[in-house]
>>> print(open('run39.csv').read())   # CSV, C-alpha atoms and all ligand atoms
chain,number,residue,atom,x,y,z
A,1,MET,CA,-120.6,-4.2,-8.6
A,2,LYS,CA,-118.0,-6.5,-10.1
A,3,ASN,CA,-114.7,-6.8,-8.3
A,4,ILE,CA,-111.7,-5.3,-10.1
A,5,SER,CA,-108.4,-7.1,-9.2
A,6,PHE,CA,-105.1,-5.4,-9.1
A,7,ASN,CA,-103.6,-7.8,-11.7
A,8,VAL,CA,-104.9,-10.6,-13.9
A,9,PRO,CA,-102.0,-12.5,-15.4
A,10,ARG,CA,-102.5,-12.8,-19.1
A,11,VAL,CA,-102.8,-16.2,-20.9
A,12,VAL,CA,-102.4,-16.0,-24.7
A,13,LYS,CA,-103.7,-19.5,-25.4
A,14,ASN,CA,-100.7,-21.1,-27.0
A,15,GLU,CA,-99.0,-21.8,-23.7
A,16,THR,CA,-100.7,-25.2,-23.3
A,17,ASN,CA,-100.0,-26.3,-26.9
A,18,ASN,CA,-96.3,-25.6,-26.4
A,19,ILE,CA,-96.3,-27.6,-23.1
A,20,LYS,CA,-98.0,-30.5,-24.9
A,21,LYS,CA,-95.2,-30.6,-27.4
A,22,LEU,CA,-92.8,-31.5,-24.6
A,23,SER,CA,-94.2,-35.0,-24.4
A,24,HIS,CA,-92.8,-35.6,-27.9
A,25,LEU,CA,-89.6,-33.7,-27.3
A,26,LYS,CA,-89.0,-35.7,-24.0
A,27,HIS,CA,-86.9,-32.9,-22.4
A,28,PHE,CA,-88.5,-31.3,-19.4
A,29,SER,CA,-85.6,-29.9,-17.4
A,30,SER,CA,-83.7,-26.7,-18.3
A,31,ASN,CA,-81.8,-25.9,-21.5
A,32,GLY,CA,-83.9,-27.6,-24.2
A,33,HIS,CA,-85.8,-26.5,-27.3
A,34,PHE,CA,-88.0,-23.8,-25.7
A,35,THR,CA,-85.2,-22.3,-23.6
A,36,ASN,CA,-83.2,-22.0,-26.9
A,37,MET,CA,-86.2,-20.3,-28.7
A,38,CYS,CA,-86.8,-17.9,-25.8
A,39,GLN,CA,-83.1,-17.0,-25.6
A,40,LYS,CA,-83.0,-16.4,-29.4
A,41,TRP,CA,-86.1,-14.1,-29.1
A,42,LEU,CA,-84.6,-12.1,-26.3
A,43,THR,CA,-81.2,-11.7,-28.0
A,44,LYS,CA,-82.9,-10.5,-31.2
A,45,ASN,CA,-85.6,-8.2,-29.6
A,46,ILE,CA,-83.4,-6.7,-26.8
A,47,ASN,CA,-80.3,-6.6,-28.9
A,48,CYS,CA,-78.1,-8.0,-26.1
A,49,GLU,CA,-75.0,-10.1,-26.7
A,50,GLU,CA,-76.4,-13.1,-24.9
A,51,ALA,CA,-79.6,-14.0,-23.0
A,52,LEU,CA,-79.8,-16.8,-20.5
A,53,LEU,CA,-83.1,-18.0,-19.2
A,54,VAL,CA,-83.1,-18.5,-15.4
A,55,ASN,CA,-85.8,-19.4,-12.8
A,56,SER,CA,-86.3,-15.9,-11.6
A,57,CYS,CA,-85.0,-12.3,-11.8
A,58,THR,CA,-83.8,-12.9,-8.2
A,59,SER,CA,-81.6,-15.7,-9.6
A,60,ALA,CA,-80.3,-13.5,-12.4
A,61,LEU,CA,-79.3,-10.9,-9.8
A,62,GLU,CA,-77.6,-13.6,-7.7
A,63,ILE,CA,-75.6,-14.7,-10.8
A,64,CYS,CA,-74.5,-11.0,-11.3
A,65,ALA,CA,-73.2,-10.9,-7.7
A,66,ILE,CA,-71.2,-14.2,-8.3
A,67,LEU,CA,-69.9,-12.9,-11.7
A,68,LEU,CA,-68.6,-9.8,-10.0
A,69,ASN,CA,-66.9,-11.9,-7.2
A,70,ILE,CA,-68.6,-9.8,-4.6
A,71,LYS,CA,-67.0,-10.3,-1.2
A,72,LYS,CA,-67.4,-8.9,2.3
A,73,GLY,CA,-67.2,-5.1,2.4
A,74,ASP,CA,-67.8,-4.5,-1.3
A,75,GLU,CA,-70.3,-1.8,-1.9
A,76,ILE,CA,-73.1,-1.8,-4.5
A,77,ILE,CA,-74.9,1.5,-5.2
A,78,MET,CA,-78.7,1.1,-5.8
A,79,PRO,CA,-82.0,2.7,-4.9
A,80,SER,CA,-83.7,1.9,-1.6
A,81,TYR,CA,-87.0,2.2,-3.5
A,82,THR,CA,-86.9,-1.2,-5.0
A,83,PHE,CA,-87.8,-4.9,-4.5
A,84,VAL,CA,-85.8,-6.8,-1.9
A,85,SER,CA,-84.0,-9.0,-4.4
A,86,THR,CA,-82.1,-6.1,-5.9
A,87,ALA,CA,-80.2,-5.8,-2.6
A,88,ASN,CA,-80.4,-9.3,-1.2
A,89,ALA,CA,-78.6,-10.9,-4.2
A,90,PHE,CA,-75.5,-8.9,-3.2
A,91,VAL,CA,-75.9,-9.3,0.5
A,92,LEU,CA,-75.9,-13.1,0.1
A,93,ARG,CA,-72.2,-12.8,-1.1
A,94,GLY,CA,-71.2,-10.3,1.7
A,95,GLY,CA,-71.8,-7.1,-0.3
A,96,LYS,CA,-73.2,-4.0,1.2
A,97,PRO,CA,-76.0,-2.1,-0.5
A,98,VAL,CA,-75.4,1.6,-0.5
A,99,PHE,CA,-78.8,3.2,-1.1
A,100,THR,CA,-79.1,6.5,-2.9
A,101,ASP,CA,-82.1,8.6,-3.4
A,102,ILE,CA,-84.5,8.6,-6.3
A,103,ASP,CA,-85.6,11.4,-8.6
A,104,PRO,CA,-89.2,12.3,-7.6
A,105,LYS,CA,-90.1,12.8,-11.3
A,106,THR,CA,-89.3,9.2,-12.3
A,107,LEU,CA,-88.9,7.3,-9.0
A,108,ASN,CA,-85.6,6.0,-10.5
A,109,ILE,CA,-82.1,6.4,-9.0
A,110,ASP,CA,-80.9,10.0,-9.3
A,111,PRO,CA,-77.5,10.0,-11.2
A,112,ASN,CA,-76.5,13.2,-9.4
A,113,LYS,CA,-76.7,11.4,-6.0
A,114,ILE,CA,-74.6,8.4,-7.3
A,115,LYS,CA,-71.3,10.4,-7.5
A,116,LYS,CA,-71.4,11.3,-3.8
A,117,ALA,CA,-71.9,7.6,-2.9
A,118,ILE,CA,-68.8,6.3,-4.7
A,119,THR,CA,-66.0,5.1,-2.5
A,120,LYS,CA,-62.9,2.9,-3.1
A,121,LYS,CA,-65.1,-0.1,-2.2
A,122,THR,CA,-67.8,0.6,-4.9
A,123,ARG,CA,-68.0,-2.3,-7.3
A,124,ALA,CA,-71.3,-1.8,-9.2
A,125,ILE,CA,-74.3,0.4,-9.7
A,126,VAL,CA,-77.7,-1.3,-10.1
A,127,ALA,CA,-80.0,0.8,-12.2
A,128,VAL,CA,-83.6,-0.3,-11.4
A,129,HIS,CA,-85.9,0.8,-14.2
A,130,TYR,CA,-88.9,1.4,-12.0
A,131,ALA,CA,-92.4,0.8,-13.6
A,132,GLY,CA,-90.6,-0.1,-16.8
A,133,VAL,CA,-89.5,3.5,-17.3
A,134,SER,CA,-85.8,3.9,-18.1
A,135,CYS,CA,-83.3,5.3,-15.7
A,136,ASP,CA,-81.2,8.1,-17.2
A,137,MET,CA,-78.5,5.8,-18.4
A,138,ASP,CA,-75.9,8.2,-20.0
A,139,PRO,CA,-74.8,9.9,-16.8
A,140,ILE,CA,-74.8,6.5,-15.0
A,141,LEU,CA,-72.6,5.0,-17.7
A,142,GLU,CA,-70.3,8.0,-17.5
A,143,ILE,CA,-69.8,7.6,-13.8
A,144,ALA,CA,-69.2,3.9,-14.1
A,145,LYS,CA,-66.6,4.5,-16.8
A,146,LYS,CA,-64.8,7.1,-14.7
A,147,TYR,CA,-64.6,4.9,-11.6
A,148,LYS,CA,-64.3,1.6,-13.5
A,149,ILE,CA,-67.3,0.0,-12.0
A,150,ILE,CA,-69.9,-2.3,-13.5
A,151,VAL,CA,-73.5,-1.3,-14.4
A,152,ILE,CA,-76.3,-3.8,-13.9
A,153,GLU,CA,-79.8,-2.9,-15.2
A,154,ASP,CA,-82.5,-4.4,-13.0
A,155,GLY,CA,-85.1,-4.6,-15.7
A,156,ALA,CA,-87.5,-6.9,-13.8
A,157,GLN,CA,-90.3,-4.6,-14.9
A,158,ALA,CA,-88.9,-3.2,-18.1
A,159,ILE,CA,-89.2,-5.7,-20.9
A,160,LEU,CA,-89.3,-3.9,-24.3
A,161,SER,CA,-89.0,-0.5,-22.8
A,162,ARG,CA,-86.4,1.8,-24.3
A,163,TYR,CA,-83.8,4.5,-23.5
A,164,LYS,CA,-83.0,6.9,-26.3
A,165,GLY,CA,-84.2,4.2,-28.7
A,166,LYS,CA,-82.1,1.4,-27.2
A,167,PRO,CA,-84.0,-1.6,-25.6
A,168,LEU,CA,-83.5,-1.7,-21.8
A,169,GLY,CA,-81.2,-4.6,-21.1
A,170,SER,CA,-78.9,-3.8,-24.0
A,171,ILE,CA,-77.1,-0.9,-22.1
A,172,GLY,CA,-75.4,-2.2,-18.9
A,173,ASP,CA,-72.7,-4.7,-18.6
A,174,LEU,CA,-75.3,-7.1,-17.3
A,175,ALA,CA,-79.1,-6.8,-17.0
A,176,THR,CA,-82.0,-8.9,-15.6
A,177,LEU,CA,-85.7,-9.5,-16.5
A,178,SER,CA,-88.5,-11.0,-14.5
A,179,PHE,CA,-91.2,-13.3,-15.8
A,180,HIS,CA,-93.1,-13.6,-12.5
A,181,ASP,CA,-96.9,-13.6,-13.1
A,182,SER,CA,-97.1,-10.0,-11.8
A,183,LYS,CA,-95.1,-8.9,-14.9
A,184,ASN,CA,-96.2,-7.9,-18.4
A,185,ILE,CA,-94.8,-11.1,-19.9
A,186,HIS,CA,-94.8,-14.2,-17.6
A,187,CYS,CA,-94.4,-17.9,-17.1
A,188,GLY,CA,-95.5,-18.2,-13.4
A,189,GLU,CA,-92.0,-17.7,-12.1
A,190,GLY,CA,-89.0,-17.1,-14.4
A,191,GLY,CA,-86.3,-14.6,-15.4
A,192,ALA,CA,-83.4,-13.9,-17.7
A,193,LEU,CA,-79.9,-12.7,-17.4
A,194,LEU,CA,-78.9,-10.5,-20.3
A,195,ILE,CA,-75.2,-10.0,-21.0
A,196,ASN,CA,-73.6,-7.3,-23.0
A,197,ASN,CA,-70.0,-7.4,-21.6
A,198,LYS,CA,-68.7,-10.5,-23.4
A,199,LYS,CA,-66.2,-11.4,-20.7
A,200,PHE,CA,-69.1,-12.6,-18.5
A,201,ILE,CA,-70.7,-15.0,-20.9
A,202,ARG,CA,-68.9,-18.3,-20.4
A,203,ARG,CA,-68.8,-18.0,-16.6
A,204,ALA,CA,-72.5,-17.1,-16.4
A,205,LYS,CA,-73.4,-20.3,-18.1
A,206,ILE,CA,-71.3,-22.3,-15.7
A,207,ILE,CA,-72.8,-20.5,-12.6
A,208,ARG,CA,-76.3,-21.1,-14.0
A,209,ASP,CA,-75.6,-24.9,-14.3
A,210,LYS,CA,-74.4,-25.7,-10.7
A,211,GLY,CA,-70.9,-24.6,-11.3
A,212,THR,CA,-70.3,-27.2,-14.0
A,213,ASN,CA,-69.2,-27.0,-17.7
A,214,ARG,CA,-72.3,-28.9,-18.8
A,215,ASP,CA,-72.8,-26.3,-21.6
A,216,ASP,CA,-69.5,-27.4,-23.1
A,217,PHE,CA,-70.6,-31.0,-22.8
A,218,ASN,CA,-73.9,-30.3,-24.5
A,219,ASN,CA,-72.0,-28.6,-27.3
A,220,ASN,CA,-69.6,-31.6,-27.7
A,221,ILE,CA,-66.6,-29.6,-26.5
A,222,VAL,CA,-65.8,-31.9,-23.6
A,223,LYS,CA,-66.5,-35.7,-23.2
A,224,LYS,CA,-67.8,-35.4,-19.6
A,225,TYR,CA,-68.8,-32.3,-17.6
A,226,THR,CA,-67.4,-31.6,-14.2
A,227,TRP,CA,-67.4,-29.1,-11.3
A,228,ILE,CA,-65.3,-26.1,-12.2
A,229,ASP,CA,-66.7,-23.0,-10.3
A,230,ILE,CA,-69.3,-22.1,-7.7
A,231,GLY,CA,-72.8,-21.9,-9.0
A,232,SER,CA,-76.3,-23.2,-8.3
A,233,SER,CA,-79.4,-24.6,-10.0
A,234,TYR,CA,-80.6,-21.4,-11.7
A,235,GLY,CA,-82.0,-22.8,-15.0
A,236,LEU,CA,-85.6,-22.6,-16.0
A,237,SER,CA,-87.6,-25.8,-16.6
A,238,GLU,CA,-88.7,-26.4,-20.2
A,239,ILE,CA,-92.3,-26.5,-18.9
A,240,ASN,CA,-92.0,-22.8,-18.0
A,241,ALA,CA,-89.9,-22.0,-21.0
A,242,ALA,CA,-92.6,-23.5,-23.3
A,243,PHE,CA,-95.2,-21.3,-21.6
A,244,LEU,CA,-92.9,-18.3,-21.8
A,245,TYR,CA,-92.2,-18.7,-25.5
A,246,ALA,CA,-96.0,-18.4,-26.3
A,247,GLN,CA,-96.1,-15.2,-24.3
A,248,LEU,CA,-92.9,-13.7,-25.9
A,249,LEU,CA,-94.4,-14.2,-29.4
A,250,LYS,CA,-97.3,-12.0,-28.2
A,251,ALA,CA,-95.2,-9.6,-26.2
A,252,LYS,CA,-95.6,-6.6,-28.5
A,253,SER,CA,-99.4,-6.8,-28.7
A,254,ILE,CA,-99.7,-7.4,-24.9
A,255,ILE,CA,-97.7,-4.2,-24.3
A,256,LYS,CA,-99.6,-2.3,-26.9
A,257,LYS,CA,-102.9,-3.1,-25.0
A,258,ARG,CA,-101.3,-2.0,-21.6
A,259,ILE,CA,-100.1,1.2,-23.2
A,260,LYS,CA,-103.6,2.0,-24.3
A,261,ILE,CA,-104.9,1.5,-20.7
A,262,TRP,CA,-102.0,3.6,-19.3
A,263,ASN,CA,-102.7,6.4,-21.8
A,264,ASN,CA,-106.4,6.3,-20.9
A,265,TYR,CA,-105.7,6.6,-17.2
A,266,HIS,CA,-103.3,9.4,-17.9
A,267,HIS,CA,-105.9,11.3,-19.8
A,268,LEU,CA,-108.6,10.7,-17.1
A,269,PHE,CA,-106.5,12.0,-14.3
A,270,TYR,CA,-105.3,15.1,-16.0
A,271,ALA,CA,-108.0,17.2,-14.4
A,272,LEU,CA,-107.1,16.2,-10.9
A,273,GLU,CA,-103.5,17.0,-11.5
A,274,LYS,CA,-104.5,20.4,-12.8
A,275,GLU,CA,-106.4,21.0,-9.6
A,276,LYS,CA,-103.3,20.0,-7.7
A,277,LYS,CA,-105.0,17.1,-6.0
A,278,LEU,CA,-102.4,14.6,-7.2
A,279,LEU,CA,-99.5,14.0,-9.5
A,280,ARG,CA,-99.4,11.7,-12.5
A,281,PRO,CA,-96.3,9.7,-13.6
A,282,GLN,CA,-93.9,11.6,-15.8
A,283,ILE,CA,-92.2,9.8,-18.8
A,284,PRO,CA,-88.9,11.6,-19.6
A,285,ILE,CA,-88.3,12.4,-23.2
A,286,TYR,CA,-85.5,9.8,-23.4
A,287,ALA,CA,-87.8,6.9,-22.2
A,288,LYS,CA,-90.3,4.7,-24.0
A,289,ASN,CA,-92.5,3.1,-21.4
A,290,ASN,CA,-93.9,-0.5,-21.4
A,291,ALA,CA,-96.9,0.4,-19.2
A,292,HIS,CA,-96.0,-2.0,-16.4
A,293,ILE,CA,-97.4,0.2,-13.6
A,294,TYR,CA,-99.8,3.2,-13.5
A,295,TYR,CA,-99.4,5.1,-10.3
A,296,LEU,CA,-100.6,8.3,-8.7
A,297,ILE,CA,-98.8,10.4,-6.1
A,298,LEU,CA,-101.2,11.8,-3.5
A,299,LYS,CA,-100.8,14.3,-0.6
A,300,LYS,CA,-99.7,12.8,2.7
A,301,ASN,CA,-102.3,10.8,4.7
A,302,LEU,CA,-104.6,10.4,1.8
A,303,ARG,CA,-103.0,7.3,0.2
A,304,ASP,CA,-104.1,4.7,2.8
A,305,LYS,CA,-107.6,6.3,2.9
A,306,LEU,CA,-108.0,6.1,-0.9
A,307,ILE,CA,-106.9,2.4,-0.9
A,308,LYS,CA,-109.5,1.7,1.8
A,309,TYR,CA,-112.2,3.6,0.0
A,310,LEU,CA,-111.5,1.7,-3.3
A,311,LYS,CA,-111.5,-1.6,-1.5
A,312,SER,CA,-114.9,-0.8,0.0
A,313,LYS,CA,-116.1,-0.5,-3.7
A,314,ASN,CA,-114.5,-3.8,-4.6
A,315,ILE,CA,-111.4,-2.4,-6.3
A,316,ILE,CA,-107.9,-3.4,-5.4
A,317,ALA,CA,-105.3,-0.7,-5.5
A,318,LEU,CA,-101.9,-1.2,-3.9
A,319,PHE,CA,-98.8,0.6,-2.7
A,320,HIS,CA,-95.1,-0.3,-2.5
A,321,TYR,CA,-92.2,-0.3,-1.5
A,322,ILE,CA,-91.3,-0.2,2.1
A,323,PRO,CA,-87.9,1.4,1.4
A,324,LEU,CA,-85.1,-1.1,2.0
A,325,HIS,CA,-83.1,1.3,4.2
A,326,SER,CA,-86.0,1.3,6.6
A,327,SER,CA,-86.5,-2.5,6.6
A,328,PRO,CA,-85.9,-4.5,9.8
A,329,PHE,CA,-83.1,-6.5,8.1
A,330,PHE,CA,-81.1,-3.5,6.9
A,331,LYS,CA,-81.5,-1.6,10.2
A,332,LYS,CA,-80.3,-4.7,12.2
A,333,TYR,CA,-77.2,-5.4,10.1
A,334,TYR,CA,-76.2,-2.1,8.6
A,335,LYS,CA,-77.7,0.3,11.1
A,336,LYS,CA,-77.4,3.6,9.1
A,337,ASN,CA,-77.9,4.9,5.6
A,338,ASN,CA,-77.8,8.4,4.3
A,339,ILE,CA,-81.2,10.2,4.6
A,340,LEU,CA,-83.3,9.6,1.5
A,341,ILE,CA,-85.9,12.3,1.5
A,342,ASN,CA,-87.6,11.5,-1.9
A,343,THR,CA,-87.6,7.8,-1.2
A,344,ASP,CA,-89.3,8.2,2.2
A,345,GLU,CA,-91.9,10.7,0.8
A,346,ILE,CA,-92.8,8.7,-2.3
A,347,SER,CA,-93.2,5.4,-0.4
A,348,LYS,CA,-95.9,7.1,1.8
A,349,LYS,CA,-97.7,8.8,-1.1
A,350,ILE,CA,-97.8,6.4,-4.0
A,351,ILE,CA,-100.9,4.4,-5.0
A,352,ARG,CA,-100.8,1.8,-7.9
A,353,LEU,CA,-104.0,1.3,-9.9
A,354,PRO,CA,-105.2,-1.9,-11.5
A,355,ILE,CA,-103.6,-2.5,-14.9
A,356,TYR,CA,-103.7,-5.6,-17.1
A,357,PRO,CA,-104.7,-6.2,-20.8
A,358,LYS,CA,-108.3,-7.2,-20.0
A,359,LEU,CA,-109.1,-4.1,-17.9
A,360,THR,CA,-111.9,-2.4,-19.9
A,361,LYS,CA,-112.4,1.3,-20.6
A,362,LYS,CA,-115.6,1.1,-18.6
A,363,GLU,CA,-113.7,-0.3,-15.6
A,364,ALA,CA,-111.0,2.4,-15.8
A,365,PHE,CA,-113.8,5.0,-16.0
A,366,ARG,CA,-115.4,3.5,-12.9
A,367,ILE,CA,-112.1,3.7,-11.0
A,368,LYS,CA,-111.6,7.3,-12.2
A,369,ASN,CA,-115.1,8.3,-11.1
A,370,LEU,CA,-114.6,6.9,-7.6
A,371,ILE,CA,-111.3,8.7,-7.3
A,372,PHE,CA,-112.9,12.0,-8.4
A,373,ASN,CA,-115.6,11.3,-5.8
A,374,PHE,CA,-113.0,10.7,-3.1
A,375,PHE,CA,-111.5,14.2,-3.7
A,376,LYS,CA,-114.9,16.0,-3.7
B,1,LIG,C1,-87.2,-4.3,-9.4
B,1,LIG,C2,-87.3,-5.8,-9.2
B,1,LIG,N1,-86.2,-6.6,-9.1
B,1,LIG,C3,-86.2,-7.9,-8.9
B,1,LIG,C4,-87.5,-8.5,-8.8
B,1,LIG,C5,-87.5,-10.0,-8.5
B,1,LIG,O1,-88.1,-10.7,-9.6
B,1,LIG,P1,-88.5,-12.3,-9.4
B,1,LIG,O2,-89.8,-12.3,-8.7
B,1,LIG,O3,-88.6,-12.7,-10.9
B,1,LIG,O4,-87.4,-12.9,-8.7
B,1,LIG,C6,-88.6,-7.8,-8.8
B,1,LIG,C7,-90.0,-8.4,-8.7
B,1,LIG,O5,-91.0,-7.9,-8.5
B,1,LIG,C8,-88.6,-6.4,-9.0
B,1,LIG,O6,-89.7,-5.6,-9.1
>>> encode(input="run39.csv", output="structure tokens", more="lines below")
Ligand SMILES: Cc1ncc(COP(=O)(O)O)c(C=O)c1O
Amino acid sequence: MKNISFNVPRVVKNETNNIKKLSHLKHFSSNGHFTNMCQKWLTKNINCEEALLVNSCTSALEICAILLNIKKGDEIIMPSYTFVSTANAFVLRGGKPVFTDIDPKTLNIDPNKIKKAITKKTRAIVAVHYAGVSCDMDPILEIAKKYKIIVIEDGAQAILSRYKGKPLGSIGDLATLSFHDSKNIHCGEGGALLINNKKFIRRAKIIRDKGTNRDDFNNNIVKKYTWIDIGSSYGLSEINAAFLYAQLLKAKSIIKKRIKIWNNYHHLFYALEKEKKLLRPQIPIYAKNNAHIYYLILKKNLRDKLIKYLKSKNIIALFHYIPLHSSPFFKKYYKKNNILINTDEISKKIIRLPIYPKLTKKEAFRIKNLIFNFFK
């Protein structure tokens, strides 16, 4: 039987044509024609104030931490059920991640738990839109307004998803996207910082460009650029931006195909959920999903067995995350966090199924049959 990979990064064909155009444009570093085109596309389609291309979502999160002047002892509320960069970006500046529990229905941060985690040191809330499904943003924004703290949307997985009709990335003060090749839209490695709070725009450009006012120089505002703030080399090469622009132009059709596969899985696993063998993902009424992940929640001790069983049939299914509060780094440096029951439970029970635009109906059916067999 043919192998079924967990992910096959999509290539839409025009990527190489765009890259070829660079030999005429003679601009290969960051901030050229394709960076501009990608940023325009993102600003228009996400409806944010400003979009800056960067070399990863991790870099975008690091820029957020610098923009907020995070210093030793500042606290940042976020889920523990997330990728390491969500926390590490703030830890790099001396900040302390304060992990709060997730809602088992969405695997997103539970707004009811955020209030209890607020202290005088709280500077920001990072809302991670897990699997491309929106966090419940209204109560998060309400808390942030009350306590005068910043909201950052970690939208690494959430391009073109929506909350109450609004594109994710257009809601928080700041937001991030990932274009890593594990994501719906990719350029190998890449990301974007999306800015809605205008006060951050100028400084974000300086931080992205090694702490210099090179952007002013490029726009003929100053005669020579110089060092004016801290920053790093966060820009995305034009080679990646050229690749990315081809993908962005096909983003809607790529996501449409993924949604078809997601809906098919959802239909196929209905019967097992009815028999109480597993739980399927739930999409809240306020959320429009981009089908980044299709997962199932199993009963304890079955998850690893199912992954092994599928692997024996040449199908790669995965799990994640090892919650950050139980990671060796967090335990060594911060020792304790509140108990996070849902996070601990979900991380032991979740299985992620293969999902990518070229996964056929027949392949999804084969996966479904094997999982039904497993439960017999
Ligand atoms: C929630 C979340 N945040 C941040 C990142 C980091 O993205 P990148 O690999 O583009 O740095 C990821 C990557 O998977 C992620 O899932």
>>> residues_around(input="run39.csv", residues="Tyr294 of chain A", least_positions_apart="6", cutoff="12 Å", atoms="all atoms listed in the file", output="MDAnalysis selection string")
chainID A and resid 6:7 130:133 258:267 269 279:283 317:319 350:356 364
>>> closest_residue(input="run39.csv", among="A:Leu61, A:Leu107, A:Leu68, A:Ala271", to="ligand LIG 1 (chain B)", atoms="all atoms listed in the file")
A:Leu61
>>> atom_distance(input="run39.csv", atom1="atom CA of Lys164 of chain A", atom2="atom CA of Tyr286 of chain A")
4.8 Å
>>> residues_near_ligand(input="run39.csv", ligand="ligand LIG 1 (chain B)", cutoff="9 Å", atoms="all atoms listed in the file", output="PyMOL selection string")
chain A and resi 55-61+81-87+128-131+154-158+176-183+189-192
>>> write_last_selection(input="run39.csv", atoms="C-alpha atoms", output="JSON list (two decimals), in the frame of the given file")
[["chain", "number", "residue", "atom", "x", "y", "z"],
["A", 55, "ASN", "CA", -85.80, -19.40, -12.80],
["A", 56, "SER", "CA", -86.30, -15.90, -11.60],
["A", 57, "CYS", "CA", -85.00, -12.30, -11.80],
["A", 58, "THR", "CA", -83.80, -12.90, -8.20],
["A", 59, "SER", "CA", -81.60, -15.70, -9.60],
["A", 60, "ALA", "CA", -80.30, -13.50, -12.40],
["A", 61, "LEU", "CA", -79.30, -10.90, -9.80],
["A", 81, "TYR", "CA", -87.00, 2.20, -3.50],
["A", 82, "THR", "CA", -86.90, -1.20, -5.00],
["A", 83, "PHE", "CA", -87.80, -4.90, -4.50],
["A", 84, "VAL", "CA", -85.80, -6.80, -1.90],
["A", 85, "SER", "CA", -84.00, -9.00, -4.40],
["A", 86, "THR", "CA", -82.10, -6.10, -5.90],
["A", 87, "ALA", "CA", -80.20, -5.80, -2.60],
["A", 128, "VAL", "CA", -83.60, -0.30, -11.40],
["A", 129, "HIS", "CA", -85.90, 0.80, -14.20],
["A", 130, "TYR", "CA", -88.90, 1.40, -12.00],
["A", 131, "ALA", "CA", -92.40, 0.80, -13.60],
["A", 154, "ASP", "CA", -82.50, -4.40, -13.00],
["A", 155, "GLY", "CA", -85.10, -4.60, -15.70],
["A", 156, "ALA", "CA", -87.50, -6.90, -13.80],
["A", 157, "GLN", "CA", -90.30, -4.60, -14.90],
["A", 158, "ALA", "CA", -88.90, -3.20, -18.10],
["A", 176, "THR", "CA", -82.00, -8.90, -15.60],
["A", 177, "LEU", "CA", -85.70, -9.50, -16.50],
["A", 178, "SER", "CA", -88.50, -11.00, -14.50],
["A", 179, "PHE", "CA", -91.20, -13.30, -15.80],
["A", 180, "HIS", "CA", -93.10, -13.60, -12.50],
["A", 181, "ASP", "CA", -96.90, -13.60, -13.10],
["A", 182, "SER", "CA", -97.10, -10.00, -11.80],
["A", 183, "LYS", "CA", -95.10, -8.90, -14.90],
["A", 189, "GLU", "CA", -92.00, -17.70, -12.10],
["A", 190, "GLY", "CA", -89.00, -17.10, -14.40],
["A", 191, "GLY", "CA", -86.30, -14.60, -15.40],
["A", 192, "ALA", "CA", -83.40, -13.90, -17.70]]
>>> atom_distance(input="run39.csv", atom1="atom CA of Ser232 of chain A", atom2="atom CA of Arg123 of chain A")
22.5 Å
>>> residues_around(input="run39.csv", residues="Thr16 of chain A", least_positions_apart="6", cutoff="12 Å", atoms="only C-alpha atoms", output="number ranges by chain")
A: 22-23, 187, 239-247
